[in-house]
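Raw contents of coords_26.cif, mmCIF, C-alpha atoms (C1' of nucleotides):
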data_my_file
#
loop_
_atom_site.label_atom_id
_atom_site.label_comp_id
_atom_site.auth_asym_id
_atom_site.auth_seq_id
_atom_site.Cartn_x
_atom_site.Cartn_y
_atom_site.Cartn_z
CA MET A 682 -15.05 48.70 15.96
CA LEU A 683 -15.60 45.64 18.07
CA ASN A 684 -17.55 46.03 21.25
CA PRO A 685 -15.44 44.81 24.15
CA ALA A 686 -18.36 44.30 26.46
CA LEU A 687 -19.98 41.49 24.51
CA PRO A 688 -18.29 38.12 24.32
CA LEU A 689 -18.67 37.05 20.74
CA GLY A 690 -18.69 33.43 19.86
CA PHE A 691 -21.77 32.32 21.73
CA ALA A 692 -24.08 34.78 20.05
CA HIS A 693 -25.49 34.46 16.56
CA HIS A 694 -24.25 37.10 14.21
CA ASP A 695 -23.01 37.82 10.72
CA HIS A 696 -19.51 36.48 10.31
CA THR A 697 -18.80 38.64 7.28
CA ASN A 698 -18.58 41.67 9.47
CA CYS A 699 -16.40 39.85 11.99
CA VAL A 700 -13.85 39.13 9.32
CA ILE A 701 -13.89 42.60 7.84
CA ASP A 702 -13.85 44.33 11.21
CA THR A 703 -11.04 42.17 12.50
CA LEU A 704 -8.89 42.63 9.43
CA THR A 705 -9.51 46.36 9.30
CA ALA A 706 -8.66 46.76 12.95
CA ALA A 707 -5.54 44.67 12.50
CA GLU A 708 -4.42 46.74 9.54
CA THR A 709 -4.85 49.98 11.44
CA TYR A 710 -3.12 48.54 14.46
CA CYS A 711 -0.13 47.27 12.48
CA ALA A 712 0.19 50.54 10.61
CA GLU A 713 0.34 52.43 13.88
CA LYS A 714 2.92 50.13 15.38
CA GLU A 715 4.88 49.84 12.13
CA LEU A 716 4.41 46.10 12.00
CA ARG A 717 4.42 44.23 8.70
CA PHE A 718 0.97 42.84 8.10
CA THR A 719 2.09 40.54 5.28
CA PRO A 720 -0.18 38.42 3.07
CA VAL A 721 0.41 35.19 5.01
CA ARG A 722 -0.22 36.88 8.33
CA ARG A 723 -3.32 38.55 6.96
CA LYS A 724 -4.58 35.27 5.55
CA VAL A 725 -4.07 33.45 8.84
CA LEU A 726 -5.96 36.12 10.74
CA GLU A 727 -8.70 35.96 8.12
CA ILE A 728 -8.94 32.20 8.56
CA LEU A 729 -9.09 32.53 12.33
CA SER A 730 -11.71 35.26 12.28
CA GLN A 731 -13.98 33.21 10.05
CA GLU A 732 -14.97 31.09 12.98
CA HIS A 733 -15.21 31.44 16.70
CA ARG A 734 -13.64 28.11 17.33
CA ALA A 735 -9.98 27.63 18.01
CA LEU A 736 -8.09 26.18 15.06
CA GLY A 737 -5.00 24.01 15.27
CA ALA A 738 -1.88 25.04 13.39
CA TYR A 739 -2.26 22.18 10.94
CA ALA A 740 -5.87 23.01 10.17
CA ILE A 741 -4.72 26.54 9.36
CA LEU A 742 -1.92 25.11 7.28
CA ASP A 743 -4.40 23.13 5.19
CA ARG A 744 -6.30 26.29 4.37
CA LEU A 745 -3.12 28.17 3.57
CA ARG A 746 -2.19 25.47 1.12
CA GLU A 747 -5.60 25.74 -0.55
CA SER A 748 -4.97 29.44 -0.95
CA GLY A 749 -1.62 28.93 -2.60
CA PHE A 750 0.68 29.70 0.33
CA GLY A 751 3.48 27.47 1.54
CA SER A 752 2.38 24.31 3.22
CA GLN A 753 5.12 23.49 5.69
CA PRO A 754 4.52 23.88 9.45
CA PRO A 755 6.85 26.85 10.00
CA ILE A 756 4.76 28.92 7.60
CA ALA A 757 1.76 28.66 9.88
CA TYR A 758 3.66 28.76 13.14
CA ARG A 759 5.58 31.88 12.22
CA ALA A 760 2.46 33.75 11.22
CA LEU A 761 0.76 32.59 14.40
CA ASP A 762 3.75 33.64 16.49
CA PHE A 763 3.50 37.10 15.00
CA LEU A 764 -0.22 37.36 15.63
CA VAL A 765 0.04 36.10 19.19
CA LEU A 766 3.07 38.23 20.01
CA ASN A 767 1.24 41.33 18.88
CA GLY A 768 -2.04 40.47 20.53
CA LEU A 769 -3.96 39.92 17.29
CA ALA A 770 -4.61 36.31 18.21
CA HIS A 771 -4.39 34.12 21.28
CA LYS A 772 -3.30 30.58 21.88
CA ILE A 773 -5.70 28.37 23.77
CA GLU A 774 -3.26 26.21 25.69
CA ARG A 775 -5.77 23.56 26.65
CA LEU A 776 -6.54 22.90 23.01
CA ASN A 777 -3.17 23.58 21.41
CA ALA A 778 -5.11 25.84 19.11
CA PHE A 779 -5.43 29.47 18.13
CA ILE A 780 -8.19 32.05 17.96
CA ALA A 781 -8.47 35.63 16.71
CA CYS A 782 -8.50 38.24 19.43
CA SER A 783 -11.90 39.80 19.74
CA HIS A 784 -10.84 42.74 21.86
CA LEU A 785 -8.02 44.17 19.83
CA GLY A 786 -6.67 47.41 21.15
CA TYR A 787 -7.96 46.99 24.65
CA THR A 788 -5.33 45.86 27.11
CA HIS A 789 -6.82 42.83 28.72
CA THR A 790 -6.09 39.56 30.44
CA PRO A 791 -7.82 37.14 28.12
CA PHE A 792 -10.43 34.93 29.71
CA PHE A 793 -11.52 32.07 27.49
CA MET A 794 -14.65 30.02 27.88
CA ILE A 795 -14.27 26.72 26.10
CA CYS A 796 -17.34 24.58 25.44
CA HIS A 797 -16.24 20.97 25.59
CA LEU A 798 -19.36 19.85 23.75
CA CYS A 799 -19.21 21.97 20.59
CA ASN A 800 -15.65 23.31 20.97
CA THR A 801 -16.76 26.90 20.56
CA VAL A 802 -14.50 29.36 22.31
CA ALA A 803 -15.54 32.80 23.49
CA GLU A 804 -13.20 35.43 24.76
CA ALA A 805 -14.57 37.56 27.52
CA GLN A 806 -13.30 40.87 28.65
CA TYR A 807 -11.84 40.03 32.01
CA VAL A 808 -10.76 42.96 34.08
CA PRO A 809 -7.79 41.44 35.82
CA ASP A 810 -8.59 40.98 39.46
CA ARG A 811 -5.55 42.60 40.93
CA GLY A 812 -7.08 41.84 44.26
CA ALA A 813 -7.01 38.06 44.30
CA LEU A 814 -4.36 37.14 41.75
CA GLU A 815 -1.87 39.88 42.45
CA SER A 816 -2.10 39.40 46.17
CA ALA A 817 -1.54 35.67 45.84
CA ALA A 818 1.49 36.44 43.68
CA GLN A 819 2.78 39.10 46.05
CA THR A 820 2.58 36.74 48.97
CA ALA A 821 4.85 34.43 47.05
CA GLY A 822 7.09 37.26 45.89
CA PHE A 823 6.30 36.43 42.30
CA HIS A 824 6.36 39.01 39.52
CA ILE A 825 3.53 38.38 37.04
CA GLU A 826 4.19 39.26 33.40
CA GLN A 827 1.28 37.59 31.69
CA THR A 828 -1.77 35.68 32.85
CA VAL A 829 -3.97 33.21 31.02
CA VAL A 830 -7.38 32.16 32.27
CA GLU A 831 -9.15 29.26 30.61
CA ALA A 832 -12.49 27.90 31.74
CA LYS A 833 -13.88 24.61 30.50
CA GLY A 834 -17.63 24.24 30.55
CA VAL A 835 -20.81 24.33 28.51
CA CYS A 836 -21.87 27.17 26.26
CA PRO A 837 -25.38 28.67 26.22
CA SER A 838 -26.52 26.97 23.02
CA CYS A 839 -25.46 23.53 24.27
CA ILE A 840 -27.23 24.22 27.55
CA THR A 841 -30.38 25.12 25.62
CA LYS A 842 -30.12 21.97 23.53
CA GLY A 843 -30.23 20.07 26.80
CA ASP A 844 -26.87 18.43 26.21
CA ILE A 845 -25.94 19.16 29.75
CA MET B 1033 -0.60 17.96 56.57
CA LEU B 1034 0.26 20.49 53.92
CA ASN B 1035 -0.40 24.11 54.71
CA PRO B 1036 -2.67 25.55 52.04
CA ALA B 1037 -1.72 29.12 52.76
CA LEU B 1038 1.90 28.89 51.71
CA PRO B 1039 2.79 28.41 48.08
CA LEU B 1040 5.52 25.81 48.06
CA GLY B 1041 8.03 25.74 45.28
CA PHE B 1042 9.60 29.13 45.73
CA ALA B 1043 10.59 28.55 49.34
CA HIS B 1044 13.53 26.46 50.52
CA HIS B 1045 12.49 23.40 52.43
CA ASP B 1046 13.17 19.73 52.99
CA HIS B 1047 11.84 17.74 50.06
CA THR B 1048 11.82 14.48 52.01
CA ASN B 1049 8.81 15.64 53.93
CA CYS B 1050 7.07 16.87 50.78
CA VAL B 1051 7.28 13.43 49.26
CA ILE B 1052 6.19 11.60 52.38
CA ASP B 1053 3.39 14.05 53.13
CA THR B 1054 2.09 13.98 49.58
CA LEU B 1055 2.12 10.20 49.32
CA THR B 1056 0.51 9.77 52.72
CA ALA B 1057 -2.20 12.27 51.90
CA ALA B 1058 -2.80 10.59 48.54
CA GLU B 1059 -3.07 7.17 50.16
CA THR B 1060 -5.61 8.39 52.66
CA TYR B 1061 -7.54 10.22 49.97
CA CYS B 1062 -7.67 7.19 47.66
CA ALA B 1063 -8.69 4.89 50.48
CA GLU B 1064 -11.61 7.17 51.32
CA LYS B 1065 -12.75 7.43 47.73
CA GLU B 1066 -12.13 3.74 46.99
CA LEU B 1067 -9.65 4.56 44.26
CA ARG B 1068 -6.84 2.18 43.36
CA PHE B 1069 -3.57 3.78 44.27
CA THR B 1070 -1.48 1.26 42.33
CA PRO B 1071 2.33 1.04 42.28
CA VAL B 1072 2.72 2.91 38.97
CA ARG B 1073 0.40 5.69 40.07
CA ARG B 1074 2.16 5.92 43.40
CA LYS B 1075 5.55 6.01 41.70
CA VAL B 1076 4.49 8.79 39.32
CA LEU B 1077 3.18 10.90 42.19
CA GLU B 1078 6.43 10.23 44.06
CA ILE B 1079 8.44 11.39 41.07
CA LEU B 1080 6.34 14.54 40.73
CA SER B 1081 6.52 15.43 44.40
CA GLN B 1082 10.31 15.15 44.41
CA GLU B 1083 10.55 18.49 42.69
CA HIS B 1084 8.54 21.62 42.40
CA ARG B 1085 9.03 21.92 38.71
CA ALA B 1086 6.60 20.57 36.19
CA LEU B 1087 7.77 17.39 34.50
CA GLY B 1088 6.90 16.30 30.99
CA ALA B 1089 5.36 12.89 30.43
CA TYR B 1090 8.50 11.57 28.78
CA ALA B 1091 10.74 12.72 31.61
CA ILE B 1092 8.47 10.82 33.96
CA LEU B 1093 8.58 7.85 31.64
CA ASP B 1094 12.38 7.78 31.79
CA ARG B 1095 12.28 7.58 35.55
CA LEU B 1096 9.63 4.89 35.48
CA ARG B 1097 11.84 2.83 33.22
CA GLU B 1098 14.75 3.21 35.65
CA SER B 1099 12.49 1.90 38.38
CA GLY B 1100 11.52 -1.18 36.42
CA PHE B 1101 8.10 -0.13 35.20
CA GLY B 1102 6.88 -0.25 31.62
CA SER B 1103 8.44 2.31 29.34
CA GLN B 1104 5.84 3.04 26.68
CA PRO B 1105 4.02 6.40 26.67
CA PRO B 1106 0.60 5.08 27.71
CA ILE B 1107 2.06 3.85 31.00
CA ALA B 1108 2.90 7.39 32.02
CA TYR B 1109 -0.13 9.04 30.44
CA ARG B 1110 -2.57 6.67 32.07
CA ALA B 1111 -1.09 7.21 35.50
CA LEU B 1112 -1.08 10.96 34.90
CA ASP B 1113 -4.69 10.88 33.72
CA PHE B 1114 -5.66 9.17 36.94
CA LEU B 1115 -3.76 11.64 39.10
CA VAL B 1116 -5.13 14.67 37.27
CA LEU B 1117 -8.68 13.34 37.17
CA ASN B 1118 -8.64 12.84 40.91
CA GLY B 1119 -6.95 16.10 41.73
CA LEU B 1120 -3.70 14.54 42.95
CA ALA B 1121 -1.76 16.32 40.21
CA HIS B 1122 -2.33 19.12 37.74
CA LYS B 1123 -1.36 19.66 34.16
CA ILE B 1124 0.41 22.92 33.35
CA GLU B 1125 -0.98 23.55 29.89
CA ARG B 1126 1.57 26.16 28.93
CA LEU B 1127 4.38 23.70 29.50
CA ASN B 1128 2.72 20.45 28.51
CA ALA B 1129 3.91 19.20 31.83
CA PHE B 1130 2.61 17.91 35.13
CA ILE B 1131 3.02 18.77 38.78
CA ALA B 1132 1.89 17.26 42.07
CA CYS B 1133 -1.00 19.05 43.71
CA SER B 1134 0.17 20.87 46.81
CA HIS B 1135 -3.28 21.52 48.21
CA LEU B 1136 -4.80 18.08 48.20
CA GLY B 1137 -8.14 17.88 49.88
CA TYR B 1138 -8.91 21.56 49.57
CA THR B 1139 -11.30 22.42 46.80
CA HIS B 1140 -9.52 25.03 44.83
CA THR B 1141 -9.09 26.63 41.45
CA PRO B 1142 -5.43 26.06 40.84
CA PHE B 1143 -3.39 29.17 40.19
CA PHE B 1144 0.08 28.45 38.85
CA MET B 1145 2.97 30.84 38.80
CA ILE B 1146 5.51 29.75 36.24
CA CYS B 1147 9.00 31.25 36.27
CA HIS B 1148 10.21 31.41 32.71
CA LEU B 1149 13.80 31.80 33.85
CA CYS B 1150 14.23 28.74 36.06
CA ASN B 1151 11.02 26.89 35.15
CA THR B 1152 9.99 26.50 38.77
CA VAL B 1153 6.25 26.27 39.23
CA ALA B 1154 4.38 27.19 42.37
CA GLU B 1155 0.75 26.50 43.01
CA ALA B 1156 -1.02 29.15 44.97
CA GLN B 1157 -4.25 28.83 46.79
CA TYR B 1158 -6.55 30.93 44.67
CA VAL B 1159 -9.94 31.54 46.11
CA PRO B 1160 -11.98 31.59 42.93
CA ASP B 1161 -13.13 35.08 42.32
CA ARG B 1162 -16.80 34.44 41.81
CA GLY B 1163 -17.16 38.13 41.35
CA ALA B 1164 -15.19 38.74 38.19
CA LEU B 1165 -14.98 35.35 36.47
CA GLU B 1166 -18.45 34.08 37.28
CA SER B 1167 -20.08 37.31 36.32
CA ALA B 1168 -18.25 37.40 33.00
CA ALA B 1169 -19.41 33.83 32.41
CA GLN B 1170 -22.96 34.59 33.47
CA THR B 1171 -23.16 37.50 31.09
CA ALA B 1172 -22.29 35.09 28.32
CA GLY B 1173 -24.63 32.38 29.64
CA PHE B 1174 -21.71 30.04 30.05
CA HIS B 1175 -21.63 27.27 32.65
CA ILE B 1176 -18.12 26.90 34.10
CA GLU B 1177 -17.03 23.43 35.13
CA GLN B 1178 -13.34 23.92 35.64
CA THR B 1179 -11.00 26.88 35.51
CA VAL B 1180 -7.25 27.03 35.03
CA VAL B 1181 -5.20 30.12 35.78
CA GLU B 1182 -1.59 30.23 34.68
CA ALA B 1183 0.69 33.20 35.18
CA LYS B 1184 4.05 33.53 33.49
CA GLY B 1185 6.63 35.67 35.24
CA VAL B 1186 9.69 35.70 37.42
CA CYS B 1187 10.04 33.90 40.74
CA PRO B 1188 11.47 35.50 43.89
CA SER B 1189 14.84 33.79 43.70
CA CYS B 1190 15.39 34.85 40.10
CA ILE B 1191 14.39 38.40 41.03
CA THR B 1192 16.94 38.33 43.86
CA LYS B 1193 19.63 37.03 41.52
CA GLY B 1194 18.99 40.09 39.44
CA ASP B 1195 18.04 38.10 36.37
CA ILE B 1196 15.14 40.39 35.84
"C1'" DA C 151 23.11 49.93 -5.99
"C1'" DC C 152 24.55 48.30 -1.11
"C1'" DT C 153 23.60 46.78 3.25
"C1'" DA C 154 21.10 45.18 7.24
"C1'" DA C 155 17.04 43.39 9.06
"C1'" DC C 156 13.27 40.82 8.35
"C1'" DT C 157 10.28 37.45 6.03
"C1'" DT C 158 9.37 33.32 3.46
"C1'" DG C 159 10.26 28.53 1.58
"C1'" DT C 160 11.83 23.90 2.42
"C1'" DT C 161 13.85 19.81 4.65
"C1'" DA C 162 14.39 17.34 8.47
"C1'" DT C 163 13.60 16.22 13.08
"C1'" DA C 164 12.05 16.69 17.93
"C1'" DG C 165 8.49 16.51 21.32
"C1'" DT C 166 3.72 15.34 22.91
"C1'" DA C 167 -0.23 12.26 22.95
"C1'" DT C 168 -3.52 8.57 21.52
"C1'" DT C 169 -5.43 4.20 19.38
"C1'" DA C 170 -5.72 -0.51 19.44
"C1'" DC C 171 -5.16 -4.93 21.14
"C1'" DG C 172 -3.68 -8.54 24.21
"C1'" DT C 173 -2.91 -9.94 29.01
"C1'" DC C 174 -3.29 -9.85 33.75
"C1'" DT C 175 -5.36 -9.09 38.38
"C1'" DG C 176 -8.68 -8.32 41.68
"C1'" DT C 177 -13.61 -8.52 42.94
"C1'" DA C 178 -18.18 -10.15 42.89
"C1'" DT C 179 -21.31 -13.86 41.75
"C1'" DC C 180 -22.97 -18.34 41.05
"C1'" DG D 560 -13.82 -23.20 43.66
"C1'" DA D 561 -15.19 -21.87 38.84
"C1'" DT D 562 -16.87 -18.06 36.21
"C1'" DA D 563 -17.65 -13.54 34.61
"C1'" DC D 564 -16.68 -8.79 34.79
"C1'" DA D 565 -14.27 -4.48 35.25
"C1'" DG D 566 -10.29 -2.14 35.74
"C1'" DA D 567 -5.36 -1.79 35.08
"C1'" DC D 568 -1.04 -2.83 32.76
"C1'" DG D 569 2.28 -3.99 28.71
"C1'" DT D 570 3.46 -3.21 24.03
"C1'" DA D 571 3.45 -1.73 19.19
"C1'" DA D 572 2.14 1.42 16.05
"C1'" DT D 573 0.75 5.84 14.79
"C1'" DA D 574 -1.08 10.63 15.01
"C1'" DC D 575 -0.63 15.23 16.34
"C1'" DT D 576 2.05 19.45 17.67
"C1'" DA D 577 6.20 22.19 17.29
"C1'" DT D 578 11.03 23.64 16.27
"C1'" DA D 579 15.88 23.82 14.27
"C1'" DA D 580 18.63 24.91 10.55
"C1'" DC D 581 19.65 26.80 6.28
"C1'" DA D 582 18.75 28.93 1.70
"C1'" DA D 583 16.49 32.47 -0.86
"C1'" DG D 584 13.75 36.44 -1.45
"C1'" DT D 585 11.96 41.12 0.14
"C1'" DT D 586 11.91 45.74 2.26
"C1'" DA D 587 13.63 50.03 3.96
"C1'" DG D 588 17.38 53.02 4.85
"C1'" DT D 589 21.96 54.72 3.23
#
Would you encode the structure as structure tokens?
Amino acid sequence: MLNPALPLGFAHHDHTNCVIDTLTAAETYCAEKELRFTPVRRKVLEILSQEHRALGAYAILDRLRESGFGSQPPIAYRALDFLVLNGLAHKIERLNAFIACSHLGYTHTPFFMICHLCNTVAEAQYVPDRGALESAAQTAGFHIEQTVVEAKGVCPSCITKGDI
Amino acid sequence: MLNPALPLGFAHHDHTNCVIDTLTAAETYCAEKELRFTPVRRKVLEILSQEHRALGAYAILDRLRESGFGSQPPIAYRALDFLVLNGLAHKIERLNAFIACSHLGYTHTPFFMICHLCNTVAEAQYVPDRGALESAAQTAGFHIEQTVVEAKGVCPSCITKGDI
DNA sequence: ACTAACTTGTTATAGTATTACGTCTGTATC
DNA sequence: GATACAGACGTAATACTATAACAAGTTAGT
């Protein structure tokens, strides 16, 4: 099980476990919700979980092709739509790219930290601040359904390298 | 002067003043910072401030053409880059579209409320919650340079109409 | 087996954004 | 005033991102 307290991505670790853990969690999750975790969808999630960078749809498509799947855009986009819709992956709007969810099963407002030097993306557990955001929305009479928070900046390893 | 406390966009009001106020504020701001507020840039900001919806680059381009400016994409993108870089406009990543800043001169982390029924966008004054976001970033050792918060939901007038 | 709902494959096309290069304009310097 | 420089604009070409539409295959329930 993935630990929701630690933002992966910036820390060194064994990717093999990431992939296995993510896929196992996804399988369990889909079984519970009676969702079809088909080969393409599984492959896309596998591809995404192999790195903690966001991948564009066409980069994913290239890897699908190498693995013998269809190679037209809708193949990738449909799998990604499924993953995003069901919270197994997220779209990073600033990058027009996608990343595996690292807090599957925990309801959360994703908070992404995007390093603009090495393009690594980490997803932090962000307990939605119902104080500030909700109150701003309430003042306006707005009903929030979904919130995305994306921060651009420099990740710890680039700071250490002195690139800042 | 624009009132930073009230999120425009969802409230009925006279647009004429919005446009004039925005352009005047931008002129003053650019003069202070020794930025060139050229005719194209001015025109793009004028176009944006005429509505409180986000406009795509190509929609802006159409209107530039009608006004006798160049009609190739870079014309619009360069003006938009300038406006965004200097805080006179913001990009709504979820929509790949742009909107005039309604809190010019106030340092702020923009918080956008996007109505997915009527596509109206309101920018709220969001006092950055250094508690939750910063602490999540600090835990990860991440240095935040810029943060974008985008909420999808339903605006007050669509709620009233019963579209929800 | 039959049907309905869903998923995949493929073609074509729409929408968003950037690169590259030439020209012009304003400013500072000699 | 002539010159050099930087920034901004005009245009053409191209790259990147995403969706529509339709045909064919698959799965689960009847």
(request) Would you list the contacts of DT585 in chain D as a list in words, taking every protein, DNA or RNA residue within 9 Å and counting all atoms listed in the file, but skipping same-chain residues closer than 5 positions in sequence? (result) DC156, DT157 and DT158 of chain C
Selection file, C-alpha atoms (C1' of nucleotides), as an mmCIF file, keeping the file's coordinate frame:
data_model
loop_
_atom_site.group_PDB
_atom_site.id
_atom_site.type_symbol
_atom_site.label_atom_id
_atom_site.label_comp_id
_atom_site.auth_asym_id
_atom_site.auth_seq_id
_atom_site.Cartn_x
_atom_site.Cartn_y
_atom_site.Cartn_z
ATOM 1 C "C1'" DC C 156 13.270 40.820 8.350
ATOM 2 C "C1'" DT C 157 10.280 37.450 6.030
ATOM 3 C "C1'" DT C 158 9.370 33.320 3.460
#
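On the file presented, the PyMOL selection byres ((chain B) within 8 of (chain D)) picks out B:Gly1102, B:Gln1104, B:Ile1107.
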(request) Skip Ile1191 in chain B itself and residues of its chain fewer than 2 positions away, then list as a VMD selection string all residues within 12 Å of it, counting all atoms listed in the file. (result) (chain A and resid 821 to 825) or (chain B and resid 1042 1147 to 1150 1185 to 1189 1193 to 1196)
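One distance worth recording is that between CA of Glu732 in chain A and CA of His784 in chain A, which is 15.2 Å.
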For chain A, work out the contacting residues on chain B at 10 Å, counting only C-alpha atoms, and write them as a CSV table (one decimal) with C-alpha atoms, in the frame of the given file.
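As written to disk, iface_9.csv reads:
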chain,number,residue,atom,x,y,z
B,1037,ALA,CA,-1.7,29.1,52.8
B,1038,LEU,CA,1.9,28.9,51.7
B,1039,PRO,CA,2.8,28.4,48.1
B,1040,LEU,CA,5.5,25.8,48.1
B,1041,GLY,CA,8.0,25.7,45.3
B,1042,PHE,CA,9.6,29.1,45.7
B,1043,ALA,CA,10.6,28.6,49.3
B,1123,LYS,CA,-1.4,19.7,34.2
B,1124,ILE,CA,0.4,22.9,33.4
B,1125,GLU,CA,-1.0,23.6,29.9
B,1126,ARG,CA,1.6,26.2,28.9
B,1127,LEU,CA,4.4,23.7,29.5
B,1128,ASN,CA,2.7,20.4,28.5
B,1143,PHE,CA,-3.4,29.2,40.2
B,1144,PHE,CA,0.1,28.4,38.8
B,1145,MET,CA,3.0,30.8,38.8
B,1146,ILE,CA,5.5,29.8,36.2
B,1147,CYS,CA,9.0,31.2,36.3
B,1148,HIS,CA,10.2,31.4,32.7
B,1154,ALA,CA,4.4,27.2,42.4
B,1155,GLU,CA,0.8,26.5,43.0
B,1156,ALA,CA,-1.0,29.2,45.0
B,1157,GLN,CA,-4.2,28.8,46.8
B,1158,TYR,CA,-6.6,30.9,44.7
B,1159,VAL,CA,-9.9,31.5,46.1
B,1160,PRO,CA,-12.0,31.6,42.9
B,1161,ASP,CA,-13.1,35.1,42.3
B,1163,GLY,CA,-17.2,38.1,41.4
B,1164,ALA,CA,-15.2,38.7,38.2
B,1165,LEU,CA,-15.0,35.4,36.5
B,1167,SER,CA,-20.1,37.3,36.3
B,1168,ALA,CA,-18.2,37.4,33.0
B,1169,ALA,CA,-19.4,33.8,32.4
B,1170,GLN,CA,-23.0,34.6,33.5
B,1171,THR,CA,-23.2,37.5,31.1
B,1172,ALA,CA,-22.3,35.1,28.3
B,1173,GLY,CA,-24.6,32.4,29.6
B,1174,PHE,CA,-21.7,30.0,30.0
B,1175,HIS,CA,-21.6,27.3,32.6
B,1176,ILE,CA,-18.1,26.9,34.1
B,1177,GLU,CA,-17.0,23.4,35.1
B,1178,GLN,CA,-13.3,23.9,35.6
B,1179,THR,CA,-11.0,26.9,35.5
B,1180,VAL,CA,-7.2,27.0,35.0
B,1181,VAL,CA,-5.2,30.1,35.8
B,1182,GLU,CA,-1.6,30.2,34.7
B,1183,ALA,CA,0.7,33.2,35.2
B,1184,LYS,CA,4.0,33.5,33.5
B,1185,GLY,CA,6.6,35.7,35.2
B,1186,VAL,CA,9.7,35.7,37.4
B,1187,CYS,CA,10.0,33.9,40.7
B,1188,PRO,CA,11.5,35.5,43.9
B,1189,SER,CA,14.8,33.8,43.7
B,1190,CYS,CA,15.4,34.8,40.1
B,1191,ILE,CA,14.4,38.4,41.0
B,1196,ILE,CA,15.1,40.4,35.8
Closest atom pairs, chain C residues within 10 Å of chain B, all atoms listed in the file, as a Markdown table:
| residue | atom | partner | partner_atom | distance |
| --- | --- | --- | --- | --- |
| C:DG165 | C1' | B:Tyr1090 | CA | 8.9 |
| C:DT166 | C1' | B:Asn1128 | CA | 7.6 |
| C:DA167 | C1' | B:Pro1105 | CA | 8.1 |
| C:DT168 | C1' | B:Pro1106 | CA | 8.2 |
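In this comparison, which uses only C-alpha atoms (C1' of nucleotides), the residue of A:Leu761, A:Ile780, A:His771, A:Ser752 approaching DG159 in chain C most closely is A:Ser752.
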(request) Find the distance between CA of Ala735 in chain A and CA of Phe718 in chain A and write it in Å to one decimal. (result)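 These two atoms are separated by 21.2 Å.
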